[in-house]
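Structure file final_9.tsv (TSV, C-alpha atoms and all ligand atoms) is printed below.
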chain	number	residue	atom	x	y	z
A	2	MET	CA	-102.15	35.58	-31.34
A	3	THR	CA	-101.59	38.73	-29.33
A	4	ARG	CA	-101.65	39.04	-25.56
A	5	GLU	CA	-105.03	40.82	-25.81
A	6	GLU	CA	-106.50	37.98	-27.89
A	7	PHE	CA	-105.04	35.50	-25.44
A	8	ASP	CA	-106.68	37.26	-22.47
A	9	GLU	CA	-109.98	37.62	-24.31
A	10	PHE	CA	-110.01	33.91	-25.13
A	11	PHE	CA	-109.68	32.98	-21.44
A	12	LYS	CA	-112.22	35.59	-20.39
A	13	ASN	CA	-114.77	34.22	-22.89
A	14	ASN	CA	-114.13	30.69	-21.69
A	15	GLU	CA	-114.20	31.31	-17.97
A	16	GLY	CA	-115.48	28.22	-16.16
A	17	ASN	CA	-115.35	26.06	-19.31
A	18	PHE	CA	-112.09	24.28	-18.55
A	19	ILE	CA	-111.02	21.69	-16.00
A	20	ILE	CA	-108.20	23.38	-14.13
A	21	GLY	CA	-104.89	21.56	-14.37
A	22	ILE	CA	-106.18	18.64	-16.48
A	23	HIS	CA	-103.22	18.92	-18.87
A	24	ASN	CA	-100.68	18.56	-16.05
A	25	TYR	CA	-101.40	14.88	-15.41
A	26	CYS	CA	-102.61	13.53	-18.75
A	27	ASP	CA	-100.65	11.45	-21.24
A	28	ARG	CA	-100.67	14.19	-23.89
A	29	TRP	CA	-102.27	11.84	-26.40
A	30	CYS	CA	-104.72	14.55	-27.51
A	31	GLU	CA	-105.93	12.59	-30.56
A	32	ARG	CA	-107.39	10.04	-28.17
A	33	CYS	CA	-108.44	12.32	-25.35
A	34	LYS	CA	-112.12	12.68	-24.50
A	35	PHE	CA	-111.52	15.96	-22.67
A	36	THR	CA	-110.29	18.17	-25.52
A	37	ALA	CA	-113.27	20.52	-25.06
A	38	LYS	CA	-112.42	20.92	-21.38
A	39	CYS	CA	-108.67	21.37	-21.80
A	40	SER	CA	-107.35	24.93	-22.00
A	41	VAL	CA	-104.03	23.81	-23.51
A	42	PHE	CA	-105.76	21.99	-26.35
A	43	GLN	CA	-108.28	24.75	-26.94
A	44	ILE	CA	-105.75	27.58	-26.92
A	45	ASP	CA	-103.63	25.68	-29.45
A	46	GLU	CA	-106.69	25.30	-31.69
A	47	GLU	CA	-107.53	28.97	-31.29
A	48	ARG	CA	-104.01	30.03	-32.13
A	49	ALA	CA	-103.95	27.79	-35.20
A	50	ARG	CA	-107.24	29.37	-36.27
A	51	LYS	CA	-105.84	32.89	-35.78
A	52	ARG	CA	-102.70	32.00	-37.74
A	53	ALA	CA	-104.83	30.63	-40.57
A	54	GLU	CA	-106.83	33.88	-40.60
A	55	LYS	CA	-103.60	35.85	-40.90
A	56	GLY	CA	-102.21	33.49	-43.55
A	57	ILE	CA	-99.32	32.31	-41.35
A	58	PRO	CA	-98.38	28.72	-42.26
A	59	ASP	CA	-98.66	26.16	-39.47
A	60	ASN	CA	-95.01	25.18	-39.88
A	61	ASP	CA	-93.71	28.73	-39.50
A	62	PHE	CA	-91.91	27.87	-36.27
A	63	ALA	CA	-90.03	31.17	-36.07
A	64	GLU	CA	-93.36	33.03	-35.98
A	65	ILE	CA	-94.85	30.60	-33.44
A	66	VAL	CA	-91.83	30.86	-31.13
A	67	SER	CA	-91.78	34.66	-31.40
A	68	GLU	CA	-95.53	34.79	-30.61
A	69	ASN	CA	-95.07	32.55	-27.54
A	70	PHE	CA	-92.12	34.61	-26.39
A	71	GLN	CA	-94.03	37.87	-26.68
A	72	ILE	CA	-97.01	36.54	-24.68
A	73	VAL	CA	-94.71	35.25	-21.91
A	74	MET	CA	-92.80	38.54	-21.79
A	75	ASP	CA	-96.05	40.52	-21.52
A	76	MET	CA	-97.22	38.28	-18.69
A	77	MET	CA	-93.91	38.66	-16.87
A	78	GLU	CA	-94.17	42.42	-17.14
A	79	ASP	CA	-97.66	42.33	-15.60
A	80	ILE	CA	-96.47	40.10	-12.77
A	81	MET	CA	-93.50	42.38	-12.06
A	82	GLU	CA	-95.78	45.42	-11.97
A	83	ASP	CA	-98.22	43.74	-9.59
A	84	THR	CA	-95.62	42.28	-7.27
A	85	GLU	CA	-93.98	44.10	-4.45
A	86	PHE	CA	-90.63	42.50	-3.81
A	87	GLU	CA	-89.26	42.47	-0.33
A	88	GLU	CA	-85.93	44.15	0.25
A	89	GLU	CA	-84.32	40.85	1.22
A	90	ALA	CA	-82.01	39.64	-1.58
A	91	ILE	CA	-82.83	36.33	-3.25
A	92	ASP	CA	-80.00	33.85	-2.91
A	93	LEU	CA	-79.85	32.65	-6.53
A	94	GLU	CA	-76.75	30.60	-5.93
A	95	ALA	CA	-78.43	28.59	-3.15
A	96	ILE	CA	-81.50	28.01	-5.37
A	97	GLN	CA	-79.30	26.85	-8.22
A	98	THR	CA	-77.36	24.48	-5.97
A	99	GLU	CA	-80.59	23.01	-4.63
A	100	GLU	CA	-81.87	22.52	-8.19
A	101	GLU	CA	-78.65	20.78	-9.18
A	102	VAL	CA	-78.81	18.47	-6.16
A	103	LEU	CA	-82.38	17.47	-7.05
A	104	GLU	CA	-81.51	17.02	-10.72
A	105	ASN	CA	-78.60	14.72	-9.86
A	106	TYR	CA	-80.69	12.81	-7.36
A	107	ALA	CA	-83.39	12.22	-9.99
A	108	LYS	CA	-80.98	11.26	-12.77
A	109	ASN	CA	-79.06	8.81	-10.59
A	110	HIS	CA	-82.02	7.21	-8.88
A	111	PRO	CA	-82.42	3.47	-9.71
A	112	ILE	CA	-85.98	4.13	-10.96
A	113	SER	CA	-84.90	6.70	-13.54
A	114	LYS	CA	-81.83	4.66	-14.46
A	115	ASN	CA	-84.16	1.75	-15.22
A	116	SER	CA	-86.68	3.88	-17.10
A	117	GLU	CA	-83.82	5.18	-19.24
A	118	ILE	CA	-82.70	1.61	-19.91
A	119	TYR	CA	-86.30	0.80	-20.88
A	120	LEU	CA	-86.41	3.76	-23.28
A	121	LYS	CA	-83.20	2.58	-24.97
A	122	LYS	CA	-84.36	-1.04	-25.11
A	123	VAL	CA	-87.60	-0.01	-26.82
A	124	ARG	CA	-85.74	2.03	-29.43
A	125	LEU	CA	-83.41	-0.90	-30.05
A	126	TRP	CA	-86.37	-3.29	-30.23
A	127	PHE	CA	-88.04	-1.17	-32.91
A	128	ASP	CA	-84.78	-0.96	-34.89
A	129	GLN	CA	-84.16	-4.69	-34.69
A	130	ASN	CA	-87.72	-5.74	-35.42
A	131	GLU	CA	-88.70	-3.31	-38.13
A	132	ARG	CA	-88.61	-6.13	-40.69
A	133	LEU	CA	-90.60	-8.48	-38.50
A	134	LEU	CA	-93.38	-5.90	-38.08
A	135	LYS	CA	-93.31	-5.12	-41.81
A	136	ARG	CA	-93.59	-8.82	-42.65
A	137	TYR	CA	-96.49	-9.20	-40.23
A	138	LYS	CA	-98.29	-6.27	-41.87
A	139	GLU	CA	-97.69	-7.65	-45.39
A	140	THR	CA	-98.91	-11.11	-44.41
A	141	PHE	CA	-102.10	-9.61	-43.00
A	142	GLU	CA	-102.68	-7.46	-46.09
A	143	ASN	CA	-102.11	-10.41	-48.43
A	144	THR	CA	-104.53	-12.57	-46.45
A	145	TYR	CA	-107.10	-9.79	-46.42
A	146	ASN	CA	-106.68	-9.13	-50.15
A	147	LEU	CA	-107.29	-12.81	-50.85
A	148	GLY	CA	-110.74	-12.30	-49.36
A	149	ILE	CA	-109.96	-14.14	-46.14
A	150	ASN	CA	-111.44	-11.54	-43.81
A	151	ASP	CA	-111.74	-13.71	-40.74
A	152	THR	CA	-112.87	-11.56	-37.79
A	153	GLN	CA	-110.28	-13.08	-35.46
A	154	ILE	CA	-107.41	-12.36	-37.88
A	155	ILE	CA	-108.57	-8.75	-38.26
A	156	ARG	CA	-108.95	-8.31	-34.50
A	157	ASP	CA	-105.48	-9.78	-33.88
A	158	TYR	CA	-103.96	-7.44	-36.42
A	159	GLU	CA	-105.70	-4.40	-34.94
A	160	ASN	CA	-104.62	-5.37	-31.42
A	161	THR	CA	-101.02	-5.80	-32.53
A	162	TYR	CA	-101.03	-2.48	-34.34
A	163	GLU	CA	-102.53	-0.80	-31.26
A	164	ALA	CA	-99.92	-2.42	-28.98
A	165	VAL	CA	-97.10	-1.04	-31.11
A	166	GLU	CA	-98.66	2.44	-31.00
A	167	VAL	CA	-99.07	2.31	-27.20
A	168	ILE	CA	-95.47	1.18	-26.62
A	169	ASN	CA	-94.18	3.85	-28.95
A	170	TRP	CA	-96.25	6.59	-27.30
A	171	PHE	CA	-95.29	5.87	-23.71
A	172	HIS	CA	-91.68	4.68	-23.87
A	173	ALA	CA	-90.08	8.14	-23.57
A	174	GLN	CA	-92.87	9.75	-21.53
A	175	ILE	CA	-92.41	7.24	-18.69
A	176	HIS	CA	-88.80	8.35	-18.22
A	177	VAL	CA	-89.60	12.07	-18.46
A	178	LYS	CA	-92.42	11.83	-15.91
A	179	LEU	CA	-90.31	9.80	-13.49
A	180	ILE	CA	-87.48	12.31	-13.63
A	181	ARG	CA	-90.03	15.02	-12.83
A	182	ALA	CA	-91.49	13.04	-9.93
A	183	LEU	CA	-88.07	12.25	-8.46
A	184	ARG	CA	-86.64	15.76	-8.78
A	185	HIS	CA	-89.52	17.10	-6.72
A	186	GLY	CA	-87.64	16.08	-3.58
A	187	ASP	CA	-89.33	15.77	-0.19
A	188	VAL	CA	-92.92	16.98	-0.02
A	189	ASP	CA	-93.08	20.19	2.03
A	190	LEU	CA	-96.23	19.82	4.09
A	191	SER	CA	-96.21	23.51	5.01
A	192	TYR	CA	-97.62	24.26	1.55
A	193	GLU	CA	-98.14	20.92	-0.23
A	194	ASP	CA	-100.78	18.27	0.12
A	195	PRO	CA	-99.43	14.87	1.23
A	196	ILE	CA	-101.25	13.19	-1.69
A	197	GLN	CA	-102.26	15.82	-4.26
A	198	ASN	CA	-98.71	16.95	-5.02
A	199	ASP	CA	-96.73	17.05	-8.25
A	200	ALA	CA	-94.48	14.14	-7.31
A	201	ASN	CA	-97.43	11.76	-6.93
A	202	GLY	CA	-99.18	13.19	-10.01
A	203	SER	CA	-96.16	12.77	-12.26
A	204	ALA	CA	-95.42	9.31	-10.85
A	205	LYS	CA	-99.04	8.30	-11.50
A	206	VAL	CA	-98.85	9.30	-15.16
A	207	ALA	CA	-95.68	7.21	-15.48
A	208	LEU	CA	-97.29	4.29	-13.65
A	209	ILE	CA	-100.32	4.29	-15.95
A	210	GLY	CA	-97.99	4.45	-18.96
A	211	ILE	CA	-96.09	1.42	-17.60
A	212	GLU	CA	-99.27	-0.59	-17.00
A	213	LYS	CA	-100.58	0.15	-20.49
A	214	SER	CA	-97.19	-0.70	-21.99
A	215	MET	CA	-97.06	-4.01	-20.09
A	216	ASP	CA	-100.45	-4.97	-21.53
A	217	ALA	CA	-99.20	-3.99	-24.99
A	218	TRP	CA	-96.01	-6.06	-24.64
A	219	GLY	CA	-98.19	-8.96	-23.53
A	220	ILE	CA	-100.05	-8.76	-26.85
A	221	LEU	CA	-96.81	-8.69	-28.85
A	222	HIS	CA	-95.52	-11.62	-26.82
A	223	LYS	CA	-98.52	-13.66	-27.97
A	224	HIS	CA	-98.01	-12.78	-31.64
A	225	PHE	CA	-94.26	-13.00	-31.94
A	226	PRO	CA	-93.09	-16.13	-30.09
A	227	GLU	CA	-89.82	-16.01	-32.06
A	228	ILE	CA	-88.71	-12.99	-29.98
A	229	GLU	CA	-90.19	-14.18	-26.70
A	230	ASP	CA	-86.94	-13.81	-24.70
A	231	HIS	CA	-86.48	-10.20	-25.71
A	232	ILE	CA	-90.07	-9.31	-24.76
A	233	ILE	CA	-89.88	-11.13	-21.42
A	234	ASP	CA	-86.69	-9.25	-20.61
A	235	ILE	CA	-88.52	-5.96	-21.26
A	236	LEU	CA	-91.55	-7.05	-19.22
A	237	VAL	CA	-89.33	-7.93	-16.26
A	238	LEU	CA	-87.73	-4.50	-16.44
A	239	LEU	CA	-91.13	-2.76	-16.53
A	240	GLU	CA	-92.35	-4.79	-13.58
A	241	THR	CA	-89.25	-3.79	-11.60
A	242	ILE	CA	-89.89	-0.11	-12.33
A	243	ARG	CA	-93.58	-0.50	-11.46
A	244	LYS	CA	-92.82	-2.07	-8.07
A	245	ASP	CA	-90.14	0.54	-7.31
A	246	ILE	CA	-92.58	3.38	-8.07
A	247	LEU	CA	-95.08	1.92	-5.60
A	248	LYS	CA	-92.36	1.77	-2.96
A	249	GLU	CA	-90.96	5.25	-3.63
A	250	PHE	CA	-94.39	6.91	-3.96
A	251	PRO	CA	-96.67	4.87	-1.66
A	252	ASN	CA	-99.62	7.26	-2.16
A	253	VAL	CA	-99.32	7.36	-5.93
A	254	ASN	CA	-102.58	5.55	-6.63
A	255	GLN	CA	-104.53	7.86	-4.33
A	256	PHE	CA	-103.58	10.88	-6.39
A	257	LEU	CA	-106.63	12.07	-8.33
A	258	ARG	CA	-105.88	13.43	-11.79
A	259	PRO	CA	-108.16	16.39	-12.58
A	260	GLY	CA	-110.80	15.28	-15.09
A	261	PHE	CA	-109.58	11.70	-15.43
A	262	ASP	CA	-110.05	10.54	-11.85
A	263	VAL	CA	-112.46	13.16	-10.50
A	301	LIG	S1	-105.93	16.79	-21.26
A	301	LIG	FE1	-106.34	15.76	-23.18
A	301	LIG	S2	-106.51	17.38	-24.69
A	301	LIG	FE2	-105.50	18.25	-22.89
A	301	LIG	S3	-103.28	18.08	-23.30
A	301	LIG	FE3	-103.97	16.27	-22.15
A	301	LIG	S4	-104.42	14.72	-23.70
A	301	LIG	FE4	-104.38	16.72	-24.73
How would this structure read if it were set down as structure tokens?
Amino acid sequence: MTREEFDEFFKNNEGNFIIGIHNYCDRWCERCKFTAKCSVFQIDEERARKRAEKGIPDNDFAEIVSENFQIVMDMMEDIMEDTEFEEEAIDLEAIQTEEEVLENYAKNHPISKNSEIYLKKVRLWFDQNERLLKRYKETFENTYNLGINDTQIIRDYENTYEAVEVINWFHAQIHVKLIRALRHGDVDLSYEDPIQNDANGSAKVALIGIEKSMDAWGILHKHFPEIEDHIIDILVLLETIRKDILKEFPNVNQFLRPGFDV
């Protein structure tokens, strides 16, 4: 897709999208009811369509990266042309130092330390319980193939499968979003809203991911009593992170995600 096509796409779709919806979603596009209102989703579809027209395979990453790069460079050029810089020199060193301080603060904060532990625990849990999940799936399939299609058994299986998907989807995202929220630093009220700011928005996405994951672990806990201790240990960790988010970002639940909450 060229820069001209990119601009034309947005011009033709003016007013069709919810501004900023993609900034505070969970990126689970397959399940999102706002795909038609999301510019990120729609531009990706449009670009895939353009590539198909030109016969460029969808896995031609070199072409995709070069296309992205060219569009960004063109945009930067436009911005530079339109912007009048003040004579005053920008202190890049001070900006870099400030960024590093925030990065370190975020990485070493107890909330992100715990979300990283959670991420690792989930990966370990999947490694250690791969056989258990496989056995559960086989048992269900055998029962089903025998003609025992009891509604409760089917529902339990679907719920378990869904719980695994949810845990898998959110386990890394929670950590990434919390790092983003924490590295925001103090909210500057001279230009930021005390509630509708990126720190609260990112923390809210993480919080929702935690709450959904806790429900999902609760389902697994019911189905796999043989690994109860391991699951309880994970649930306790998630609850600790949840409570710490509410303390660190007391306005988090008041943040309204574009599209999802308003
Ligand atoms: S808003 Fe929906 S469609 Fe857009 S990026 Fe987020 S999940 Fe995907």
Between atom CA of Glu212 of chain A and atom CA of Ile155 of chain A - distance in Å to one decimal: 24.6 Å
Env. residues ligand LIG 301 (chain A) / 9 Å / all atoms listed in the file / as an MDAnalysis selection string: chainID A and resid 19 21:43 259:261
Two-atom distance - atom CA of Asp45 of chain A, atom CA of Thr84 of chain A (Å):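 Calculated distance between atom CA of Asp45 of chain A and atom CA of Thr84 of chain A is 28.8 Å.
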Non-local contacts of Tyr119 of chain A (8 Å; all atoms listed in the file; under 2 positions in same chain excluded) as a VMD selection string: chain A and resid 115 to 117 121 to 123 172 235 238 to 239
Among listed residues A:Glu229, A:Glu249, A:Glu15, A:Glu6, nearest Ile72 of chain A (using only C-alpha atoms):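 Looking only at the distances to Ile72 of chain A, the closest residue turns out to be A:Glu6.
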Spatial neighbours of Asp59 of chain A, max dist 10 Å, all atoms listed in the file, sep filter under 5 positions, as number ranges by chain: A: 48-50, 52-53, 64-65
Sphere at (-90.6, 16.7, -5.9), radius 12 Å, counting all atoms listed in the file: residues as an MDAnalysis selection string: chainID A and resid 99:100 102:104 106:107 178:190 193:204 249:250
Spatial sel., origin (-89.7, -8.9, -31.5), limit 8 Å, only C-alpha atoms, listed as a PyMOL selection string: chain A and resi 126+129-130+133+221-222+225+227-229+231-232
Using only C-alpha atoms: which of A:His176, A:Lys51, A:His110, A:His224 has the shortest distance to Tyr158 of chain A: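 Residue with the minimum atom-to-atom distance to Tyr158 of chain A: A:His224.
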Atom CA of Asn160 of chain A to atom CA of Phe141 of chain A, straight-line distance in Å: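 So the answer is 12.6 Å.
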Put the listed atoms of segment 244-252 of chain A in a box along x, y and z with 6 Å added on every side and give me the centre and edge lengths in Å to one decimal, as lines of an AutoDock Vina configuration file.
center_x = -94.9
center_y = 2.6
center_z = -4.9
size_x = 21.5
size_y = 21.3
size_z = 18.4
Counting all atoms listed in the file, the option among A:Gln255, A:Ile211, A:Met76, A:Asp157 closest to Trp170 of chain A: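 Among the listed residues, A:Ile211 lies closest to Trp170 of chain A.
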Within 8 Å of Ile220 of chain A using all atoms listed in the file, minus same-chain residues under 3 positions, as an NGL selection string: :A and (160-161 or 164 or 216-217 or 223-224)
Pick from A:Leu125, A:Ile112, A:Ala95, A:Glu166, whichever lies nearest to Trp218 of chain A using all atoms listed in the file: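 Counting all atoms listed in the file, the residue closest to Trp218 of chain A is A:Glu166.
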